[in-house]
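To start, the structure under review is shown below, and the notes come after it.
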Amino acid sequence: MVAADLDQVTAIESAVYPHPWSRGNFIDSLKADYDSSVCLSGDRILAYWLLMHAPDASHLLNFSVEPSHQRQGLGSRLLNRLLGVLRRRSVDAVVLEVRPTNFGALALYERAGFERIGVRRGYYPAADRQREDAIVMRRDLSQVEAGGAQRDFG
């Protein structure tokens, strides 16, 4: 992801989330040199992610698929590819937050082996000046399964 992508990225962000990241949030993330990527079809962005690395785990800050391409396997393929890259970089784990009402995202992350590890109370803005909790999820990337193979999802 680069600054030239932000018109499309923020359009997807606004279509996907009731309280989207601002353009400034994306600019700050790019300036902080967070890992990021876009999934393209020609010149059109279909999906994107942003990831911050920390010593104990990487933090998936934003993972979004354009609404017309949701529930077609793109999110699963992209997430699987991201997890594979992180494994090859010897990242031990990935954490993320997700709204409990984002059923599609919860299902995607659970299929990919993420486990619910906690709740952040009042984490997200919600309608009418309310707040919504976040489910904290973690995916261990260091475990090798029986037979020496690492588990992949897709």
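Residues are named by chain letter and number: chains run A, B, ... in the order of the structure tokens, numbers start at 1 in each chain, and ligands are numbered from 1 in the order shown.
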If we count only C-alpha atoms, what is near Met52 of chain A at a cut-off of 7 Å, once residues fewer than 4 positions away on the same chain are taken out, given as a ChimeraX atom specification?
/A:34-35,58-61
Could you save the residues just selected, with C-alpha atoms, as a compact mmCIF listing (two decimals), in the first residue's frame?
```txt
# COMPACT_ATOMS: atom_id res chain seq x y z
CA TYR A 34 3.78 -0.61 9.13
CA ASP A 35 3.61 -3.61 6.84
CA SER A 58 2.47 -8.97 15.08
CA HIS A 59 -0.78 -7.00 15.32
CA LEU A 60 -3.19 -7.10 12.38
CA LEU A 61 -4.58 -3.58 12.53
```
DSSP strand (DSSP E) selection over chain A, as a PyMOL selection string:
chain A and resi 35-41+44-53+58-65+93-98+115-125+131-140
With distances taken over only C-alpha atoms, which residue among A:Ala112, A:Ala57, A:Ala126, A:Ile27 lies nearest Ser76 of chain A?
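Smallest distance to Ser76 of chain A is found for A:Ala112.
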With only C-alpha atoms as the atoms that count, which of A:Phe114, A:Ala127, A:Asn80, A:Val136 lies nearest to Glu97 of chain A?
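Going through A:Phe114, A:Ala127, A:Asn80, A:Val136 one by one, the smallest distance to Glu97 of chain A is for A:Val136.
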Choose the residue, out of A:Ser29, A:Leu79, A:Val85, A:Asp128, that has the smallest atom-to-atom separation from Tyr109 of chain A; count only C-alpha atoms.
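Nearest candidate to Tyr109 of chain A out of A:Ser29, A:Leu79, A:Val85, A:Asp128: A:Leu79.
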So that I can check the surroundings of Ala4 of chain A, please list as an NGL selection string every protein, DNA and RNA residue that reaches within 12 Å of it, counting only C-alpha atoms and ignoring chain neighbours fewer than 2 positions away.
:A and (1-2 or 6-10 or 23 or 26-27 or 30 or 38 or 43 or 45)
Take the residues that were just selected and, keeping C-alpha atoms, output them as a compact mmCIF listing (two decimals), in the first residue's frame.
```txt
# COMPACT_ATOMS: atom_id res chain seq x y z
CA MET A 1 0.00 0.00 0.00
CA VAL A 2 1.23 3.46 -0.92
CA LEU A 6 -5.60 5.74 -0.37
CA ASP A 7 -8.55 7.01 -2.44
CA GLN A 8 -9.58 3.42 -3.18
CA VAL A 9 -8.61 2.14 0.27
CA THR A 10 -10.66 4.78 2.10
CA ARG A 23 -7.37 8.91 5.57
CA PHE A 26 -3.82 5.30 6.92
CA ILE A 27 -1.25 8.06 6.28
CA LEU A 30 2.28 4.34 6.19
CA VAL A 38 -3.24 -4.28 -1.37
CA ASP A 43 -5.86 -1.09 -11.23
CA ILE A 45 -8.02 -2.57 -5.18
```
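Remark: for Ala32 of chain A, the closest of the candidate residues A:Ser142, A:Leu51, A:Gln70, A:Asn62 is A:Leu51 (distances computed over only C-alpha atoms).
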Per DSSP on the backbone, filter chain A down to the residues in helix (DSSP H, G or I) and report them as number ranges by chain.
A: 3-16, 23-31, 67-69, 74-88, 103-111, 127-129, 146-148
For each of A:Lys31, A:Arg71, A:Arg129, A:Arg121, take the minimum atom-to-atom distance to Phe103 of chain A, counting only C-alpha atoms, then give the residue where this is smallest.
A:Arg71
Using only C-alpha atoms, which protein or nucleic acid residues come within 7 Å of Arg139 of chain A? Drop anything in the same chain fewer than 3 positions from it, and give the result as number ranges by chain.
A: 93-95, 113-115
Saved selection, atoms kept: C-alpha atoms, as a compact mmCIF listing (two decimals), in the first residue's frame:
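For reference, selection.txt as written:
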```txt
# COMPACT_ATOMS: atom_id res chain seq x y z
CA ALA A 93 1.98 -15.05 16.59
CA VAL A 94 -0.56 -12.61 15.22
CA VAL A 95 -3.17 -10.79 17.31
CA GLY A 113 -7.05 -20.90 13.38
CA PHE A 114 -7.35 -17.71 15.43
CA GLU A 115 -8.53 -18.25 18.99
```
Applying 12 Å and only C-alpha atoms, which residues near Asn102 of chain A remain after dropping the ones on its own chain fewer than 5 positions away? List them as a PDB file with C-alpha atoms, in the first residue's frame.
```
ATOM      1  CA  VAL A  16     -17.119  -1.880   4.996  1.00  0.00           C
ATOM      2  CA  TYR A  17     -17.175  -0.251   8.430  1.00  0.00           C
ATOM      3  CA  PRO A  18     -19.748   1.874  10.252  1.00  0.00           C
ATOM      4  CA  SER A  64     -10.659  -5.486   4.637  1.00  0.00           C
ATOM      5  CA  GLU A  97      -9.363  -7.155  17.498  1.00  0.00           C
ATOM      6  CA  ALA A 107     -15.879 -16.794  11.032  1.00  0.00           C
ATOM      7  CA  LEU A 108     -12.953 -15.992   8.727  1.00  0.00           C
ATOM      8  CA  TYR A 109     -10.486 -15.672  11.601  1.00  0.00           C
ATOM      9  CA  TYR A 124     -14.910   0.500  19.232  1.00  0.00           C
ATOM     10  CA  GLU A 132     -18.768  -1.728  21.403  1.00  0.00           C
ATOM     11  CA  ASP A 133     -16.430  -4.331  22.852  1.00  0.00           C
ATOM     12  CA  ALA A 134     -13.695  -5.961  20.812  1.00  0.00           C
ATOM     13  CA  ILE A 135     -12.931  -9.657  20.787  1.00  0.00           C
TER      14      ILE A 135
END
```
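Of the residues listed (A:Ala105, A:Leu78, A:Ala3, A:Val98), A:Leu78 shows the shortest atom-to-atom separation from Leu40 of chain A; distances use only C-alpha atoms.
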Please identify all polymer residues within 12 Å of Arg131 of chain A, counting only C-alpha atoms, omitting same-chain residues fewer than 6 positions from it, and present them as a PyMOL selection string.
chain A and resi 19+99-100+120-125
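The gap separating atom CA of Asn25 of chain A from atom CA of Asp56 of chain A is 23.6 Å, in Å to one decimal.
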